[in-house]
file upload_6.txt (compact mmCIF, N, CA and C atoms)
# COMPACT_ATOMS: atom_id res chain seq x y z
N MET A 26 -32.52 62.18 47.52
CA MET A 26 -32.18 62.53 48.88
C MET A 26 -30.90 63.36 48.89
N THR A 27 -30.79 64.19 49.88
CA THR A 27 -29.59 65.01 50.02
C THR A 27 -28.48 64.16 50.64
N SER A 28 -27.26 64.63 50.50
CA SER A 28 -26.13 63.92 51.11
C SER A 28 -26.26 63.92 52.63
N GLN A 29 -26.83 64.97 53.19
CA GLN A 29 -27.03 65.03 54.64
C GLN A 29 -28.03 63.95 55.09
N GLN A 30 -29.10 63.76 54.34
CA GLN A 30 -30.08 62.72 54.68
C GLN A 30 -29.47 61.33 54.55
N LEU A 31 -28.71 61.11 53.49
CA LEU A 31 -28.06 59.81 53.29
C LEU A 31 -27.06 59.53 54.40
N ALA A 32 -26.31 60.55 54.81
CA ALA A 32 -25.33 60.38 55.89
C ALA A 32 -26.04 60.04 57.20
N TYR A 33 -27.17 60.68 57.46
CA TYR A 33 -27.94 60.41 58.67
C TYR A 33 -28.42 58.95 58.67
N ILE A 34 -28.99 58.49 57.56
CA ILE A 34 -29.49 57.12 57.45
C ILE A 34 -28.34 56.12 57.56
N ALA A 35 -27.21 56.44 56.95
CA ALA A 35 -26.04 55.56 57.07
C ALA A 35 -25.57 55.48 58.51
N GLY A 36 -25.62 56.60 59.23
CA GLY A 36 -25.24 56.59 60.64
C GLY A 36 -26.16 55.70 61.46
N LEU A 37 -27.44 55.75 61.18
CA LEU A 37 -28.38 54.86 61.87
C LEU A 37 -28.06 53.40 61.57
N LEU A 38 -27.78 53.11 60.30
CA LEU A 38 -27.44 51.74 59.92
C LEU A 38 -26.15 51.30 60.61
N ASP A 39 -25.15 52.16 60.64
CA ASP A 39 -23.90 51.84 61.32
C ASP A 39 -24.12 51.53 62.80
N GLY A 40 -24.95 52.33 63.46
CA GLY A 40 -25.12 52.18 64.89
C GLY A 40 -26.21 51.21 65.32
N ASP A 41 -27.33 51.22 64.63
CA ASP A 41 -28.49 50.43 65.05
C ASP A 41 -29.10 49.67 63.87
N GLY A 42 -28.26 49.05 63.09
CA GLY A 42 -28.77 48.34 61.92
C GLY A 42 -28.02 47.06 61.64
N SER A 43 -28.54 46.34 60.68
CA SER A 43 -27.92 45.08 60.24
C SER A 43 -27.99 44.96 58.73
N ILE A 44 -26.96 44.37 58.17
CA ILE A 44 -26.93 43.97 56.77
C ILE A 44 -26.78 42.47 56.78
N MET A 45 -27.75 41.76 56.21
CA MET A 45 -27.75 40.31 56.30
C MET A 45 -27.90 39.64 54.93
N LEU A 46 -27.19 38.55 54.80
CA LEU A 46 -27.29 37.66 53.64
C LEU A 46 -27.57 36.29 54.21
N GLN A 47 -28.84 35.88 54.18
CA GLN A 47 -29.27 34.65 54.84
C GLN A 47 -29.41 33.51 53.85
N MET A 48 -29.01 32.34 54.31
CA MET A 48 -29.16 31.11 53.53
C MET A 48 -30.17 30.24 54.28
N GLN A 49 -31.38 30.13 53.75
CA GLN A 49 -32.42 29.36 54.44
C GLN A 49 -32.67 28.05 53.70
N PRO A 50 -32.61 26.92 54.41
CA PRO A 50 -32.87 25.63 53.76
C PRO A 50 -34.25 25.61 53.10
N ASN A 51 -34.28 25.14 51.87
CA ASN A 51 -35.54 25.04 51.13
C ASN A 51 -35.36 23.99 50.04
N ALA A 52 -35.99 22.85 50.21
CA ALA A 52 -35.82 21.72 49.29
C ALA A 52 -36.31 22.03 47.88
N LYS A 53 -37.14 23.04 47.72
CA LYS A 53 -37.68 23.37 46.40
C LYS A 53 -36.73 24.22 45.57
N MET A 54 -35.72 24.77 46.20
CA MET A 54 -34.79 25.64 45.49
C MET A 54 -33.72 24.82 44.76
N ARG A 55 -33.17 25.38 43.74
CA ARG A 55 -32.20 24.69 42.88
C ARG A 55 -31.02 24.13 43.67
N TYR A 56 -30.45 24.93 44.56
CA TYR A 56 -29.31 24.48 45.36
C TYR A 56 -29.70 24.22 46.81
N LEU A 57 -30.97 23.97 47.04
CA LEU A 57 -31.54 23.55 48.33
C LEU A 57 -31.53 24.64 49.40
N PHE A 58 -31.24 25.86 49.00
CA PHE A 58 -31.28 26.99 49.91
C PHE A 58 -31.90 28.19 49.22
N ARG A 59 -32.69 28.93 49.98
CA ARG A 59 -33.22 30.21 49.52
C ARG A 59 -32.27 31.28 50.05
N VAL A 60 -31.85 32.16 49.18
CA VAL A 60 -30.94 33.24 49.57
C VAL A 60 -31.77 34.51 49.76
N ARG A 61 -31.59 35.14 50.93
CA ARG A 61 -32.32 36.37 51.24
C ARG A 61 -31.32 37.48 51.57
N THR A 62 -31.61 38.66 51.06
CA THR A 62 -30.82 39.85 51.40
C THR A 62 -31.72 40.80 52.17
N ILE A 63 -31.21 41.30 53.30
CA ILE A 63 -32.04 42.13 54.18
C ILE A 63 -31.17 43.22 54.80
N VAL A 64 -31.74 44.42 54.87
CA VAL A 64 -31.14 45.52 55.63
C VAL A 64 -32.20 45.96 56.64
N VAL A 65 -31.79 46.13 57.90
CA VAL A 65 -32.74 46.51 58.96
C VAL A 65 -32.16 47.63 59.81
N LEU A 66 -33.00 48.61 60.10
CA LEU A 66 -32.69 49.63 61.10
C LEU A 66 -33.60 49.38 62.29
N TYR A 67 -33.04 49.33 63.50
CA TYR A 67 -33.79 49.05 64.72
C TYR A 67 -33.88 50.30 65.59
N GLN A 68 -35.06 50.50 66.19
CA GLN A 68 -35.23 51.60 67.14
C GLN A 68 -36.30 51.22 68.14
N ASP A 69 -36.24 51.81 69.32
CA ASP A 69 -37.32 51.66 70.29
C ASP A 69 -38.62 52.10 69.62
N SER A 70 -39.71 51.41 69.91
CA SER A 70 -40.99 51.72 69.25
C SER A 70 -41.48 53.13 69.52
N ARG A 71 -40.94 53.80 70.53
CA ARG A 71 -41.30 55.20 70.75
C ARG A 71 -40.90 56.06 69.55
N TYR A 72 -39.95 55.58 68.75
CA TYR A 72 -39.45 56.34 67.60
C TYR A 72 -39.90 55.74 66.27
N LYS A 73 -40.98 54.97 66.30
CA LYS A 73 -41.49 54.33 65.08
C LYS A 73 -41.82 55.37 64.01
N THR A 74 -42.38 56.51 64.40
CA THR A 74 -42.74 57.53 63.41
C THR A 74 -41.51 58.03 62.66
N THR A 75 -40.37 58.08 63.34
CA THR A 75 -39.13 58.49 62.66
C THR A 75 -38.73 57.45 61.62
N LEU A 76 -38.87 56.17 61.97
CA LEU A 76 -38.60 55.10 60.99
C LEU A 76 -39.57 55.18 59.82
N ASP A 77 -40.84 55.51 60.11
CA ASP A 77 -41.82 55.69 59.02
C ASP A 77 -41.39 56.82 58.09
N GLU A 78 -40.88 57.90 58.67
CA GLU A 78 -40.42 59.03 57.86
C GLU A 78 -39.23 58.63 56.99
N ILE A 79 -38.33 57.84 57.56
CA ILE A 79 -37.16 57.37 56.79
C ILE A 79 -37.62 56.46 55.65
N ARG A 80 -38.57 55.56 55.94
CA ARG A 80 -39.11 54.69 54.90
C ARG A 80 -39.71 55.53 53.77
N ASP A 81 -40.48 56.54 54.13
CA ASP A 81 -41.09 57.41 53.11
C ASP A 81 -40.03 58.13 52.30
N LEU A 82 -38.98 58.56 52.96
CA LEU A 82 -37.89 59.26 52.29
C LEU A 82 -37.15 58.33 51.32
N VAL A 83 -36.87 57.12 51.78
CA VAL A 83 -36.14 56.14 50.97
C VAL A 83 -37.03 55.61 49.84
N GLY A 84 -38.32 55.43 50.14
CA GLY A 84 -39.26 54.99 49.11
C GLY A 84 -39.36 53.48 48.93
N ILE A 85 -38.73 52.72 49.82
CA ILE A 85 -38.81 51.26 49.77
C ILE A 85 -38.83 50.73 51.20
N GLY A 86 -39.22 49.48 51.34
CA GLY A 86 -39.19 48.83 52.63
C GLY A 86 -40.48 49.00 53.41
N TYR A 87 -40.46 48.52 54.65
CA TYR A 87 -41.63 48.61 55.52
C TYR A 87 -41.17 48.71 56.97
N VAL A 88 -42.06 49.20 57.81
CA VAL A 88 -41.78 49.36 59.24
C VAL A 88 -42.81 48.54 60.01
N TYR A 89 -42.35 47.85 61.03
CA TYR A 89 -43.28 47.17 61.93
C TYR A 89 -42.73 47.15 63.33
N SER A 90 -43.63 46.97 64.29
CA SER A 90 -43.26 46.94 65.71
C SER A 90 -43.32 45.51 66.22
N ARG A 91 -42.27 45.12 66.92
CA ARG A 91 -42.21 43.79 67.52
C ARG A 91 -42.84 43.84 68.91
N ARG A 92 -43.07 42.68 69.48
CA ARG A 92 -43.67 42.58 70.83
C ARG A 92 -42.75 43.10 71.92
N ASP A 93 -41.45 43.15 71.64
CA ASP A 93 -40.49 43.61 72.65
C ASP A 93 -40.26 45.12 72.61
N HIS A 94 -41.17 45.85 71.96
CA HIS A 94 -41.15 47.32 71.89
C HIS A 94 -40.00 47.85 71.05
N ILE A 95 -39.55 47.05 70.11
CA ILE A 95 -38.55 47.49 69.13
C ILE A 95 -39.26 47.57 67.78
N SER A 96 -39.02 48.64 67.05
CA SER A 96 -39.55 48.77 65.70
C SER A 96 -38.42 48.58 64.70
N GLU A 97 -38.76 48.03 63.56
CA GLU A 97 -37.78 47.75 62.52
C GLU A 97 -38.21 48.38 61.20
N PHE A 98 -37.26 49.02 60.56
CA PHE A 98 -37.43 49.43 59.17
C PHE A 98 -36.64 48.41 58.36
N ARG A 99 -37.35 47.60 57.57
CA ARG A 99 -36.74 46.49 56.84
C ARG A 99 -36.81 46.72 55.34
N ILE A 100 -35.70 46.41 54.68
CA ILE A 100 -35.63 46.40 53.22
C ILE A 100 -35.19 45.00 52.84
N GLU A 101 -35.97 44.34 51.99
CA GLU A 101 -35.68 42.97 51.58
C GLU A 101 -35.71 42.87 50.06
N GLY A 102 -35.01 41.88 49.55
CA GLY A 102 -35.01 41.62 48.11
C GLY A 102 -33.75 42.11 47.45
N PHE A 103 -33.33 41.38 46.43
CA PHE A 103 -32.06 41.68 45.77
C PHE A 103 -32.00 43.10 45.23
N TYR A 104 -33.00 43.50 44.45
CA TYR A 104 -32.96 44.80 43.81
C TYR A 104 -33.03 45.93 44.84
N ARG A 105 -33.98 45.83 45.78
CA ARG A 105 -34.17 46.90 46.75
C ARG A 105 -32.96 47.06 47.68
N VAL A 106 -32.41 45.94 48.15
CA VAL A 106 -31.24 46.00 49.02
C VAL A 106 -30.06 46.60 48.26
N GLN A 107 -29.87 46.17 47.03
CA GLN A 107 -28.77 46.71 46.23
C GLN A 107 -28.91 48.22 46.06
N ARG A 108 -30.11 48.67 45.72
CA ARG A 108 -30.36 50.10 45.52
C ARG A 108 -30.07 50.89 46.80
N PHE A 109 -30.56 50.40 47.93
CA PHE A 109 -30.37 51.10 49.20
C PHE A 109 -28.89 51.13 49.60
N VAL A 110 -28.23 49.98 49.53
CA VAL A 110 -26.84 49.90 49.96
C VAL A 110 -25.96 50.80 49.11
N LYS A 111 -26.21 50.86 47.81
CA LYS A 111 -25.42 51.74 46.94
C LYS A 111 -25.61 53.21 47.33
N MET A 112 -26.81 53.56 47.78
CA MET A 112 -27.07 54.96 48.18
C MET A 112 -26.29 55.35 49.43
N VAL A 113 -26.24 54.45 50.42
CA VAL A 113 -25.62 54.82 51.71
C VAL A 113 -24.14 54.42 51.81
N LEU A 114 -23.66 53.59 50.91
CA LEU A 114 -22.28 53.09 50.98
C LEU A 114 -21.23 54.17 51.20
N PRO A 115 -21.27 55.28 50.47
CA PRO A 115 -20.22 56.29 50.68
C PRO A 115 -20.18 56.88 52.09
N TYR A 116 -21.26 56.75 52.84
CA TYR A 116 -21.37 57.36 54.15
C TYR A 116 -21.18 56.37 55.30
N LEU A 117 -21.11 55.08 54.99
CA LEU A 117 -20.96 54.07 56.04
C LEU A 117 -19.54 54.05 56.58
N ARG A 118 -19.41 53.72 57.85
CA ARG A 118 -18.11 53.54 58.48
C ARG A 118 -18.00 52.12 59.03
N PHE A 119 -18.83 51.77 60.00
CA PHE A 119 -18.73 50.47 60.66
C PHE A 119 -19.24 49.33 59.79
N LYS A 120 -20.21 49.59 58.95
CA LYS A 120 -20.82 48.52 58.15
C LYS A 120 -20.38 48.57 56.68
N LYS A 121 -19.34 49.31 56.40
CA LYS A 121 -18.88 49.43 55.01
C LYS A 121 -18.44 48.07 54.45
N ASN A 122 -17.76 47.27 55.27
CA ASN A 122 -17.31 45.96 54.82
C ASN A 122 -18.50 45.05 54.48
N GLN A 123 -19.51 45.01 55.36
CA GLN A 123 -20.69 44.20 55.10
C GLN A 123 -21.41 44.66 53.83
N ALA A 124 -21.48 45.98 53.66
CA ALA A 124 -22.15 46.53 52.48
C ALA A 124 -21.41 46.13 51.19
N THR A 125 -20.10 46.20 51.22
CA THR A 125 -19.31 45.82 50.05
C THR A 125 -19.48 44.33 49.75
N LEU A 126 -19.49 43.51 50.79
CA LEU A 126 -19.67 42.06 50.61
C LEU A 126 -21.04 41.74 50.03
N ILE A 127 -22.09 42.38 50.53
CA ILE A 127 -23.42 42.06 50.02
C ILE A 127 -23.58 42.53 48.57
N LEU A 128 -22.95 43.64 48.22
CA LEU A 128 -23.00 44.08 46.82
C LEU A 128 -22.27 43.09 45.92
N SER A 129 -21.16 42.52 46.39
CA SER A 129 -20.46 41.50 45.61
C SER A 129 -21.34 40.27 45.42
N ALA A 130 -22.03 39.85 46.48
CA ALA A 130 -22.93 38.70 46.38
C ALA A 130 -24.08 39.00 45.43
N LEU A 131 -24.60 40.20 45.49
CA LEU A 131 -25.74 40.57 44.64
C LEU A 131 -25.37 40.60 43.16
N ARG A 132 -24.12 40.91 42.85
CA ARG A 132 -23.69 40.86 41.44
C ARG A 132 -23.86 39.45 40.89
N LEU A 133 -23.62 38.45 41.73
CA LEU A 133 -23.80 37.06 41.31
C LEU A 133 -25.28 36.66 41.34
N LEU A 134 -25.98 37.04 42.38
CA LEU A 134 -27.37 36.63 42.56
C LEU A 134 -28.33 37.25 41.54
N ARG A 135 -28.01 38.39 41.03
CA ARG A 135 -28.93 39.06 40.09
C ARG A 135 -28.78 38.55 38.67
N ARG A 136 -27.89 37.61 38.45
CA ARG A 136 -27.80 36.97 37.14
C ARG A 136 -29.05 36.12 36.93
N LYS A 137 -29.42 35.92 35.68
CA LYS A 137 -30.61 35.10 35.38
C LYS A 137 -30.49 33.71 35.99
N ARG A 138 -29.38 33.05 35.73
CA ARG A 138 -29.17 31.70 36.27
C ARG A 138 -27.73 31.63 36.75
N TYR A 139 -27.58 31.70 38.06
CA TYR A 139 -26.22 31.61 38.59
C TYR A 139 -25.85 30.14 38.76
N SER A 140 -24.55 29.90 38.66
CA SER A 140 -24.02 28.54 38.68
C SER A 140 -23.80 28.06 40.11
N LEU A 141 -23.48 26.77 40.24
CA LEU A 141 -23.17 26.22 41.54
C LEU A 141 -21.95 26.92 42.14
N SER A 142 -20.94 27.20 41.32
CA SER A 142 -19.76 27.90 41.85
C SER A 142 -20.13 29.31 42.31
N ASP A 143 -21.07 29.97 41.60
CA ASP A 143 -21.56 31.28 42.04
C ASP A 143 -22.27 31.15 43.39
N PHE A 144 -23.10 30.12 43.52
CA PHE A 144 -23.82 29.89 44.76
C PHE A 144 -22.85 29.65 45.93
N ILE A 145 -21.81 28.88 45.70
CA ILE A 145 -20.80 28.63 46.73
C ILE A 145 -20.10 29.93 47.11
N GLU A 146 -19.82 30.76 46.13
CA GLU A 146 -19.19 32.06 46.40
C GLU A 146 -20.13 32.95 47.23
N VAL A 147 -21.42 32.94 46.91
CA VAL A 147 -22.41 33.69 47.68
C VAL A 147 -22.44 33.17 49.11
N SER A 148 -22.35 31.86 49.29
CA SER A 148 -22.33 31.27 50.63
C SER A 148 -21.13 31.78 51.43
N LYS A 149 -20.00 31.92 50.77
CA LYS A 149 -18.81 32.45 51.43
C LYS A 149 -19.02 33.91 51.85
N PHE A 150 -19.66 34.68 50.97
CA PHE A 150 -19.98 36.07 51.31
C PHE A 150 -20.89 36.10 52.53
N SER A 151 -21.87 35.20 52.57
CA SER A 151 -22.79 35.12 53.71
C SER A 151 -22.03 34.86 55.01
N ASP A 152 -21.09 33.92 54.96
CA ASP A 152 -20.28 33.63 56.15
C ASP A 152 -19.44 34.83 56.57
N GLN A 153 -18.86 35.52 55.60
CA GLN A 153 -18.03 36.69 55.92
C GLN A 153 -18.86 37.80 56.56
N ILE A 154 -20.06 38.04 56.02
CA ILE A 154 -20.93 39.06 56.60
C ILE A 154 -21.31 38.69 58.02
N ALA A 155 -21.67 37.42 58.23
CA ALA A 155 -22.05 36.96 59.56
C ALA A 155 -20.90 37.14 60.55
N MET A 156 -19.67 36.89 60.12
CA MET A 156 -18.51 37.03 61.01
C MET A 156 -18.24 38.49 61.37
N THR A 157 -18.59 39.43 60.48
CA THR A 157 -18.32 40.85 60.76
C THR A 157 -19.44 41.48 61.56
N ASN A 158 -20.63 40.84 61.61
CA ASN A 158 -21.73 41.37 62.43
C ASN A 158 -21.47 41.02 63.88
N TYR A 159 -22.01 41.83 64.76
CA TYR A 159 -21.83 41.58 66.19
C TYR A 159 -23.15 41.71 66.89

call {"tool": "encode", "arguments": {"input": "upload_6.txt", "output": "structure tokens"}}
result
Amino acid sequence: MTSQQLAYIAGLLDGDGSIMLQMQPNAKMRYLFRVRTIVVLYQDSRYKTTLDEIRDLVGIGYVYSRRDHISEFRIEGFYRVQRFVKMVLPYLRFKKNQATLILSALRLLRRKRYSLSDFIEVSKFSDQIAMTNY
């Protein structure tokens, strides 16, 4: 992608997007929580085709329309979120802090077997990201 395209996508993320690090209770997981990383761009469903074009350009993620006439371009998973965030990070303004925090968490999460102290650190990153989102 060109720097102009990356800047445009970063602007959409800054204005109409979210970077999330979710901790979902799951008794089957080692530390009783499933950790999810998600990046979402939101738009009125009238602009779904534009989100489809962005998805095709980025080469990862999926687009779907909600019942409330909002469409979402979603990227999920440790590897895909890390790849996307690294691409747009230099162009982010409002979400730069969240992006840096999720990359720090992903450095721990992408290890083969992260420790309890790593998991606690990831939980702290999750809280920090949640506090910076509005």

call {"tool": "atom_distance", "arguments": {"input": "upload_6.txt", "atom1": "atom CA of A:Ile44", "atom2": "atom C of A:Tyr87"}}
result
15.0 Å

call {"tool": "atom_distance", "arguments": {"input": "upload_6.txt", "atom1": "atom CA of A:Ile145", "atom2": "atom CA of A:Leu66"}}
result
28.1 Å

call {"tool": "residues_around", "arguments": {"input": "upload_6.txt", "residues": "A:Leu31", "least_positions_apart": "2", "cutoff": "8 Å", "atoms": "only N, CA and C atoms", "output": "MDAnalysis selection string"}}
result
chainID A and resid 26:29 33:37 112:117

call {"tool": "residues_around", "arguments": {"input": "upload_6.txt", "residues": "A:Ala155", "least_positions_apart": "3", "cutoff": "8 Å", "atoms": "all atoms listed in the file", "output": "list in words"}}
result
Ile44, Met45, Leu46, Gln123, Lys149, Phe150, Ser151, Asp152, Asn158 and Tyr159 of chain A

call {"tool": "write_last_selection", "arguments": {"input": "upload_6.txt", "atoms": "N, CA and C atoms", "output": "PDB file, in the coordinates of the input"}}
result
ATOM      1  N   ILE A  44     -26.960  44.370  58.170  1.00  0.00           N
ATOM      2  CA  ILE A  44     -26.930  43.970  56.770  1.00  0.00           C
ATOM      3  C   ILE A  44     -26.780  42.470  56.780  1.00  0.00           C
ATOM      4  N   MET A  45     -27.750  41.760  56.210  1.00  0.00           N
ATOM      5  CA  MET A  45     -27.750  40.310  56.300  1.00  0.00           C
ATOM      6  C   MET A  45     -27.900  39.640  54.930  1.00  0.00           C
ATOM      7  N   LEU A  46     -27.190  38.550  54.800  1.00  0.00           N
ATOM      8  CA  LEU A  46     -27.290  37.660  53.640  1.00  0.00           C
ATOM      9  C   LEU A  46     -27.570  36.290  54.210  1.00  0.00           C
ATOM     10  N   GLN A 123     -19.510  45.010  55.360  1.00  0.00           N
ATOM     11  CA  GLN A 123     -20.690  44.200  55.100  1.00  0.00           C
ATOM     12  C   GLN A 123     -21.410  44.660  53.830  1.00  0.00           C
ATOM     13  N   LYS A 149     -20.000  31.920  50.770  1.00  0.00           N
ATOM     14  CA  LYS A 149     -18.810  32.450  51.430  1.00  0.00           C
ATOM     15  C   LYS A 149     -19.020  33.910  51.850  1.00  0.00           C
ATOM     16  N   PHE A 150     -19.660  34.680  50.970  1.00  0.00           N
ATOM     17  CA  PHE A 150     -19.980  36.070  51.310  1.00  0.00           C
ATOM     18  C   PHE A 150     -20.890  36.100  52.530  1.00  0.00           C
ATOM     19  N   SER A 151     -21.870  35.200  52.570  1.00  0.00           N
ATOM     20  CA  SER A 151     -22.790  35.120  53.710  1.00  0.00           C
ATOM     21  C   SER A 151     -22.030  34.860  55.010  1.00  0.00           C
ATOM     22  N   ASP A 152     -21.090  33.920  54.960  1.00  0.00           N
ATOM     23  CA  ASP A 152     -20.280  33.630  56.150  1.00  0.00           C
ATOM     24  C   ASP A 152     -19.440  34.830  56.570  1.00  0.00           C
ATOM     25  N   ASN A 158     -20.630  40.840  61.610  1.00  0.00           N
ATOM     26  CA  ASN A 158     -21.730  41.370  62.430  1.00  0.00           C
ATOM     27  C   ASN A 158     -21.470  41.020  63.880  1.00  0.00           C
ATOM     28  N   TYR A 159     -22.010  41.830  64.760  1.00  0.00           N
ATOM     29  CA  TYR A 159     -21.830  41.580  66.190  1.00  0.00           C
ATOM     30  C   TYR A 159     -23.150  41.710  66.890  1.00  0.00           C
TER      31      TYR A 159
END

call {"tool": "closest_residue", "arguments": {"input": "upload_6.txt", "among": "A:Val60, A:Ile85, A:Ala124, A:Met48", "to": "A:Phe103", "atoms": "all atoms listed in the file"}}
result
A:Val60

call {"tool": "build_atoms", "arguments": {"input": "upload_6.txt", "residues": "stretch 54-67 of chain A", "atoms": "N, CA, C and O atoms", "output": "PDB file, in the coordinates of the input"}}
result
ATOM      1  N   MET A  54     -35.720  24.770  46.200  1.00  0.00           N
ATOM      2  CA  MET A  54     -34.790  25.640  45.490  1.00  0.00           C
ATOM      3  C   MET A  54     -33.720  24.820  44.760  1.00  0.00           C
ATOM      4  O   MET A  54     -33.415  23.704  45.166  1.00  0.00           O
ATOM      5  N   ARG A  55     -33.170  25.380  43.740  1.00  0.00           N
ATOM      6  CA  ARG A  55     -32.200  24.690  42.880  1.00  0.00           C
ATOM      7  C   ARG A  55     -31.020  24.130  43.670  1.00  0.00           C
ATOM      8  O   ARG A  55     -30.610  23.002  43.474  1.00  0.00           O
ATOM      9  N   TYR A  56     -30.450  24.930  44.560  1.00  0.00           N
ATOM     10  CA  TYR A  56     -29.310  24.480  45.360  1.00  0.00           C
ATOM     11  C   TYR A  56     -29.700  24.220  46.810  1.00  0.00           C
ATOM     12  O   TYR A  56     -28.855  24.280  47.707  1.00  0.00           O
ATOM     13  N   LEU A  57     -30.970  23.970  47.040  1.00  0.00           N
ATOM     14  CA  LEU A  57     -31.540  23.550  48.330  1.00  0.00           C
ATOM     15  C   LEU A  57     -31.530  24.640  49.400  1.00  0.00           C
ATOM     16  O   LEU A  57     -31.757  24.356  50.568  1.00  0.00           O
ATOM     17  N   PHE A  58     -31.240  25.860  49.000  1.00  0.00           N
ATOM     18  CA  PHE A  58     -31.280  26.990  49.910  1.00  0.00           C
ATOM     19  C   PHE A  58     -31.900  28.190  49.220  1.00  0.00           C
ATOM     20  O   PHE A  58     -31.648  28.424  48.034  1.00  0.00           O
ATOM     21  N   ARG A  59     -32.690  28.930  49.980  1.00  0.00           N
ATOM     22  CA  ARG A  59     -33.220  30.210  49.520  1.00  0.00           C
ATOM     23  C   ARG A  59     -32.270  31.280  50.050  1.00  0.00           C
ATOM     24  O   ARG A  59     -31.934  31.281  51.237  1.00  0.00           O
ATOM     25  N   VAL A  60     -31.850  32.160  49.180  1.00  0.00           N
ATOM     26  CA  VAL A  60     -30.940  33.240  49.570  1.00  0.00           C
ATOM     27  C   VAL A  60     -31.770  34.510  49.760  1.00  0.00           C
ATOM     28  O   VAL A  60     -32.548  34.888  48.892  1.00  0.00           O
ATOM     29  N   ARG A  61     -31.590  35.140  50.930  1.00  0.00           N
ATOM     30  CA  ARG A  61     -32.320  36.370  51.240  1.00  0.00           C
ATOM     31  C   ARG A  61     -31.320  37.480  51.570  1.00  0.00           C
ATOM     32  O   ARG A  61     -30.335  37.243  52.262  1.00  0.00           O
ATOM     33  N   THR A  62     -31.610  38.660  51.060  1.00  0.00           N
ATOM     34  CA  THR A  62     -30.820  39.850  51.400  1.00  0.00           C
ATOM     35  C   THR A  62     -31.720  40.800  52.170  1.00  0.00           C
ATOM     36  O   THR A  62     -32.857  41.057  51.751  1.00  0.00           O
ATOM     37  N   ILE A  63     -31.210  41.300  53.300  1.00  0.00           N
ATOM     38  CA  ILE A  63     -32.040  42.130  54.180  1.00  0.00           C
ATOM     39  C   ILE A  63     -31.170  43.220  54.800  1.00  0.00           C
ATOM     40  O   ILE A  63     -30.045  42.977  55.210  1.00  0.00           O
ATOM     41  N   VAL A  64     -31.740  44.420  54.870  1.00  0.00           N
ATOM     42  CA  VAL A  64     -31.140  45.520  55.630  1.00  0.00           C
ATOM     43  C   VAL A  64     -32.200  45.960  56.640  1.00  0.00           C
ATOM     44  O   VAL A  64     -33.372  46.123  56.285  1.00  0.00           O
ATOM     45  N   VAL A  65     -31.790  46.130  57.900  1.00  0.00           N
ATOM     46  CA  VAL A  65     -32.740  46.510  58.960  1.00  0.00           C
ATOM     47  C   VAL A  65     -32.160  47.630  59.810  1.00  0.00           C
ATOM     48  O   VAL A  65     -30.981  47.596  60.172  1.00  0.00           O
ATOM     49  N   LEU A  66     -33.000  48.610  60.100  1.00  0.00           N
ATOM     50  CA  LEU A  66     -32.690  49.630  61.100  1.00  0.00           C
ATOM     51  C   LEU A  66     -33.600  49.380  62.290  1.00  0.00           C
ATOM     52  O   LEU A  66     -34.812  49.213  62.118  1.00  0.00           O
ATOM     53  N   TYR A  67     -33.040  49.330  63.500  1.00  0.00           N
ATOM     54  CA  TYR A  67     -33.790  49.050  64.720  1.00  0.00           C
ATOM     55  C   TYR A  67     -33.880  50.300  65.590  1.00  0.00           C
ATOM     56  O   TYR A  67     -32.895  51.020  65.724  1.00  0.00           O
TER      57      TYR A  67
END
